[in-house]
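query.pdb (PDB, C-alpha atoms, pLDDT in the B column) appears below.
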```pdb
MODEL        1
ATOM      1  CA  MET A 149      12.444  -2.905   8.767  1.00 42.00           C
ATOM      2  CA  VAL A 150      10.768  -1.194  11.712  1.00 41.00           C
ATOM      3  CA  PHE A 151       7.594  -2.534  13.318  1.00 41.00           C
ATOM      4  CA  TYR A 152       5.151  -0.804  15.586  1.00 42.00           C
ATOM      5  CA  LEU A 153       1.982  -1.906  17.313  1.00 43.00           C
ATOM      6  CA  SER A 154      -1.405  -0.459  16.542  1.00 46.00           C
ATOM      7  CA  PHE A 155      -4.432  -1.155  18.717  1.00 43.00           C
ATOM      8  CA  SER A 156      -7.924  -1.641  17.415  1.00 42.00           C
ATOM      9  CA  VAL A 157     -11.005  -1.879  19.584  1.00 36.00           C
ATOM     10  CA  LYS A 158     -11.131  -5.628  19.024  1.00 35.00           C
ATOM     11  CA  ASN A 159      -7.780  -6.661  17.605  1.00 38.00           C
ATOM     12  CA  LEU A 160      -4.061  -6.085  17.903  1.00 37.00           C
ATOM     13  CA  PHE A 161      -2.165  -5.841  14.619  1.00 40.00           C
ATOM     14  CA  LEU A 162       1.513  -5.693  13.780  1.00 38.00           C
ATOM     15  CA  HIS A 163       2.196  -3.214  10.970  1.00 37.00           C
ATOM     16  CA  LYS A 164       5.267  -2.707   8.823  1.00 37.00           C
ATOM     17  CA  THR A 165       6.268   0.927   8.543  1.00 31.00           C
ATOM     18  CA  LYS A 166       8.058   0.331   5.271  1.00 35.00           C
ATOM     19  CA  SER A 167       5.642   0.505   2.357  1.00 40.00           C
ATOM     20  CA  THR A 168       5.069  -2.781   0.542  1.00 48.00           C
ATOM     21  CA  ASP A 169       3.054  -3.669  -2.515  1.00 73.00           C
ATOM     22  CA  MET A 170      -0.278  -5.362  -2.188  1.00 83.00           C
ATOM     23  CA  TYR A 171      -0.554  -8.964  -3.165  1.00 90.00           C
ATOM     24  CA  TRP A 172      -3.835 -10.732  -3.632  1.00 94.00           C
ATOM     25  CA  THR A 173      -4.747 -14.343  -4.154  1.00 94.00           C
ATOM     26  CA  LEU A 174      -8.180 -15.800  -4.816  1.00 93.00           C
ATOM     27  CA  GLU A 175      -8.221 -17.102  -1.261  1.00 96.00           C
ATOM     28  CA  LEU A 176      -7.470 -13.672   0.222  1.00 96.00           C
ATOM     29  CA  ALA A 177      -9.955 -11.930  -2.054  1.00 96.00           C
ATOM     30  CA  SER A 178     -12.657 -14.449  -1.113  1.00 95.00           C
ATOM     31  CA  TYR A 179     -12.768 -12.949   2.394  1.00 97.00           C
ATOM     32  CA  LEU A 180     -14.242  -9.798   0.841  1.00 97.00           C
ATOM     33  CA  SER A 181     -16.818 -11.568  -1.315  1.00 93.00           C
ATOM     34  CA  ASP A 182     -19.628 -10.750   1.123  1.00 95.00           C
ATOM     35  CA  ALA A 183     -18.354  -7.264   1.966  1.00 97.00           C
ATOM     36  CA  PRO A 184     -20.957  -4.482   1.977  1.00 96.00           C
ATOM     37  CA  TRP A 185     -20.255  -3.176  -1.552  1.00 96.00           C
ATOM     38  CA  PRO A 186     -20.093  -0.284  -2.336  1.00 97.00           C
ATOM     39  CA  ALA A 187     -17.730   0.591   0.482  1.00 97.00           C
ATOM     40  CA  ASN A 188     -14.835   2.888   1.270  1.00 96.00           C
ATOM     41  CA  LYS A 189     -11.427   1.770   2.505  1.00 96.00           C
ATOM     42  CA  ASP A 190     -12.256   2.110   6.215  1.00 96.00           C
ATOM     43  CA  GLU A 191     -15.495   0.157   5.848  1.00 97.00           C
ATOM     44  CA  LEU A 192     -13.676  -2.658   4.057  1.00 97.00           C
ATOM     45  CA  ILE A 193     -10.965  -2.794   6.748  1.00 97.00           C
ATOM     46  CA  ASP A 194     -13.626  -2.888   9.463  1.00 98.00           C
ATOM     47  CA  TYR A 195     -15.481  -5.663   7.624  1.00 98.00           C
ATOM     48  CA  ALA A 196     -12.291  -7.712   7.144  1.00 98.00           C
ATOM     49  CA  ILE A 197     -11.471  -7.452  10.855  1.00 98.00           C
ATOM     50  CA  ARG A 198     -14.995  -8.404  11.934  1.00 98.00           C
ATOM     51  CA  ALA A 199     -15.102 -11.291   9.429  1.00 97.00           C
ATOM     52  CA  GLY A 200     -11.867 -12.719  10.792  1.00 97.00           C
ATOM     53  CA  ALA A 201      -9.947 -12.308   7.547  1.00 98.00           C
ATOM     54  CA  PRO A 202      -6.212 -13.061   7.621  1.00 97.00           C
ATOM     55  CA  LEU A 203      -3.843 -10.231   8.489  1.00 97.00           C
ATOM     56  CA  GLU A 204      -2.702 -10.091   4.840  1.00 97.00           C
ATOM     57  CA  VAL A 205      -6.188  -8.947   3.771  1.00 97.00           C
ATOM     58  CA  VAL A 206      -6.187  -6.110   6.304  1.00 97.00           C
ATOM     59  CA  GLU A 207      -2.623  -5.108   5.346  1.00 96.00           C
ATOM     60  CA  ASN A 208      -3.539  -5.078   1.654  1.00 97.00           C
ATOM     61  CA  LEU A 209      -6.512  -2.840   2.348  1.00 97.00           C
ATOM     62  CA  GLN A 210      -4.422  -0.528   4.546  1.00 95.00           C
ATOM     63  CA  SER A 211      -1.864  -0.111   1.765  1.00 94.00           C
ATOM     64  CA  ILE A 212      -4.480   1.358  -0.597  1.00 93.00           C
ATOM     65  CA  GLU A 213      -3.800   5.046  -1.129  1.00 90.00           C
ATOM     66  CA  ASP A 214      -6.987   6.512   0.243  1.00 83.00           C
ATOM     67  CA  GLU A 215      -8.540   9.530  -1.375  1.00 85.00           C
ATOM     68  CA  GLY A 216     -11.990   8.889   0.053  1.00 89.00           C
ATOM     69  CA  GLU A 217     -12.927   6.673  -2.870  1.00 94.00           C
ATOM     70  CA  ILE A 218     -15.922   4.370  -2.828  1.00 96.00           C
ATOM     71  CA  TYR A 219     -15.232   0.906  -4.252  1.00 96.00           C
ATOM     72  CA  GLU A 220     -18.056  -0.841  -6.066  1.00 96.00           C
ATOM     73  CA  SER A 221     -16.451  -4.297  -6.195  1.00 94.00           C
ATOM     74  CA  MET A 222     -13.268  -6.290  -5.683  1.00 95.00           C
ATOM     75  CA  GLU A 223     -12.284  -5.565  -9.300  1.00 93.00           C
ATOM     76  CA  GLU A 224     -11.671  -1.913  -8.382  1.00 94.00           C
ATOM     77  CA  ILE A 225      -9.219  -2.937  -5.662  1.00 94.00           C
ATOM     78  CA  TRP A 226      -7.551  -5.822  -7.516  1.00 92.00           C
ATOM     79  CA  PRO A 227      -7.858  -5.201 -11.272  1.00 89.00           C
ATOM     80  CA  ASP A 228      -6.733  -8.757 -12.061  1.00 88.00           C
ATOM     81  CA  TYR A 229      -9.544 -10.285  -9.977  1.00 89.00           C
ATOM     82  CA  PRO A 230     -11.111 -12.982 -12.159  1.00 85.00           C
ATOM     83  CA  THR A 231     -14.708 -12.399 -13.129  1.00 74.00           C
ATOM     84  CA  ASP A 232     -17.275 -14.738 -14.649  1.00 63.00           C
ATOM     85  CA  GLU A 233     -16.255 -13.399 -18.059  1.00 64.00           C
ATOM     86  CA  ASP A 234     -12.731 -14.756 -17.540  1.00 56.00           C
ATOM     87  CA  TYR A 235     -14.025 -18.304 -17.594  1.00 58.00           C
ATOM     88  CA  LEU A 236     -15.230 -19.910 -20.784  1.00 59.00           C
ATOM     89  CA  TRP A 237     -18.564 -21.073 -19.428  1.00 57.00           C
ATOM     90  CA  ASN A 238     -21.239 -21.869 -21.924  1.00 62.00           C
ATOM     91  CA  GLU A 239     -24.363 -21.542 -19.795  1.00 60.00           C
ATOM     92  CA  ASP A 240     -26.535 -22.888 -22.609  1.00 64.00           C
ATOM     93  CA  GLU A 241     -24.951 -26.337 -22.196  1.00 59.00           C
ATOM     94  CA  TYR A 242     -26.244 -26.754 -18.659  1.00 56.00           C
TER      95      TYR A 242
ENDMDL
END
```

What's the C-alpha coordinates form of this structure?
Amino acid sequence: MVFYLSFSVKNLFLHKTKSTDMYWTLELASYLSDAPWPANKDELIDYAIRAGAPLEVVENLQSIEDEGEIYESMEEIWPDYPTDEDYLWNEDEY
(Lines of atoms letter the chains of each structure in order from A and count residues from 1; the text may use other names and numbers.)
(Lines give C-alpha, C1' and ligand atoms only; values in the text may rest on other atoms or scores of the structure.)
Protein backbone atom coordinates (compact mmCIF):
# COMPACT_ATOMS: atom_id res chain seq x y z
CA MET A 1 0.00 0.00 0.00
CA VAL A 2 1.39 3.40 -0.97
CA PHE A 3 0.94 6.48 1.20
CA TYR A 4 1.34 10.11 0.31
CA LEU A 5 0.98 13.32 2.26
CA SER A 6 -1.64 15.91 1.52
CA PHE A 7 -1.57 19.36 3.10
CA SER A 8 -4.61 21.27 4.19
CA VAL A 9 -4.59 24.87 5.33
CA LYS A 10 -4.99 23.74 8.93
CA ASN A 11 -4.19 20.05 9.04
CA LEU A 12 -1.84 17.41 7.70
CA PHE A 13 -3.46 14.13 6.69
CA LEU A 14 -2.04 10.78 5.65
CA HIS A 15 -4.05 9.26 2.79
CA LYS A 16 -4.07 5.75 1.39
CA THR A 17 -3.86 5.68 -2.39
CA LYS A 18 -5.49 2.28 -2.56
CA SER A 19 -9.27 2.60 -2.52
CA THR A 20 -10.96 1.23 0.59
CA ASP A 21 -14.59 0.89 1.56
CA MET A 22 -16.16 3.29 3.97
CA TYR A 23 -16.99 2.09 7.41
CA TRP A 24 -19.19 3.99 9.79
CA THR A 25 -20.00 3.54 13.44
CA LEU A 26 -22.46 5.53 15.53
CA GLU A 27 -19.52 7.25 17.19
CA LEU A 28 -18.00 8.32 13.86
CA ALA A 29 -21.35 9.43 12.47
CA SER A 30 -22.04 11.48 15.61
CA TYR A 31 -19.28 13.90 14.56
CA LEU A 32 -21.51 14.96 11.66
CA SER A 33 -24.69 15.35 13.70
CA ASP A 34 -24.33 19.14 13.80
CA ALA A 35 -23.03 19.46 10.23
CA PRO A 36 -24.62 22.19 8.10
CA TRP A 37 -27.15 19.97 6.30
CA PRO A 38 -27.81 20.10 3.37
CA ALA A 39 -24.18 20.03 2.31
CA ASN A 40 -21.96 18.74 -0.46
CA LYS A 41 -18.96 16.48 0.01
CA ASP A 42 -16.41 19.30 0.27
CA GLU A 43 -18.49 21.18 2.83
CA LEU A 44 -18.81 18.05 4.97
CA ILE A 45 -15.05 17.39 4.80
CA ASP A 46 -14.35 21.00 5.77
CA TYR A 47 -16.81 20.76 8.67
CA ALA A 48 -15.31 17.47 9.90
CA ILE A 49 -11.81 18.97 9.88
CA ARG A 50 -12.90 22.13 11.69
CA ALA A 51 -14.91 20.11 14.24
CA GLY A 52 -11.89 17.97 15.07
CA ALA A 53 -13.47 14.73 13.89
CA PRO A 54 -11.24 11.64 13.81
CA LEU A 55 -9.28 10.94 10.64
CA GLU A 56 -11.62 8.02 9.86
CA VAL A 57 -14.53 10.45 9.39
CA VAL A 58 -12.56 12.56 6.92
CA GLU A 59 -11.34 9.45 5.06
CA ASN A 60 -14.89 8.10 4.83
CA LEU A 61 -16.11 11.39 3.39
CA GLN A 62 -13.19 11.53 0.93
CA SER A 63 -14.03 8.04 -0.34
CA ILE A 64 -17.51 9.14 -1.45
CA GLU A 65 -17.69 9.20 -5.23
CA ASP A 66 -18.45 12.84 -5.81
CA GLU A 67 -20.77 13.89 -8.57
CA GLY A 68 -21.55 17.27 -7.04
CA GLU A 69 -24.40 15.82 -5.00
CA ILE A 70 -26.00 17.66 -2.11
CA TYR A 71 -26.64 15.47 0.94
CA GLU A 72 -29.68 16.26 3.05
CA SER A 73 -28.74 14.08 6.04
CA MET A 74 -26.43 11.37 7.33
CA GLU A 75 -28.85 8.73 6.01
CA GLU A 76 -27.88 9.65 2.44
CA ILE A 77 -24.22 8.99 3.19
CA TRP A 78 -24.67 5.93 5.42
CA PRO A 79 -27.95 4.21 4.47
CA ASP A 80 -27.82 2.02 7.59
CA TYR A 81 -27.67 5.04 9.92
CA PRO A 82 -30.25 4.40 12.63
CA THR A 83 -33.13 6.84 12.75
CA ASP A 84 -35.76 7.44 15.41
CA GLU A 85 -38.02 5.04 13.52
CA ASP A 86 -35.53 2.22 14.12
CA TYR A 87 -36.18 2.35 17.83
CA LEU A 88 -39.43 1.12 19.31
CA TRP A 89 -40.18 4.24 21.31
CA ASN A 90 -43.73 4.75 22.40
CA GLU A 91 -43.78 8.50 23.00
CA ASP A 92 -47.28 8.31 24.47
CA GLU A 93 -45.91 6.45 27.51
CA TYR A 94 -43.74 9.36 28.59

Result set, the PyMOL selection byres ((chain A and resi 217) around 9) on current file, as a ChimeraX atom specification
/A:187-189,214-216,218-219

Picked residues, the PyMOL selection byres ((chain A and resi 195) around 12), expected as JSON, numbers by chain:
{"A": [179, 180, 181, 182, 183, 184, 185, 187, 188, 189, 190, 191, 192, 193, 194, 196, 197, 198, 199, 200, 201, 202, 205, 206, 209]}

Hey, which of A:Thr231, A:Asn208, A:Thr173, A:Ser221 ends up closest to Pro186 (chain A)? Count all atoms listed in the file.
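The shortest atom-to-atom distance to Pro186 (chain A) comes from A:Ser221.
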
For region 180-183 of chain A, take all atoms listed in the file, fit an axis-aligned box around them, add 8 Å to each of the six sides, then output centre and edge lengths in Å rounded to one decimal, as AutoDock Vina command-line options.
```
--center_x -16.9 --center_y -9.4 --center_z 0.3 --size_x 21.4 --size_y 20.3 --size_z 19.3
```

Do you have the CA of Gln210 (chain A)-CA of Pro230 (chain A) distance handy?
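Result for CA of Gln210 (chain A) versus CA of Pro230 (chain A): 21.9 Å, one decimal.
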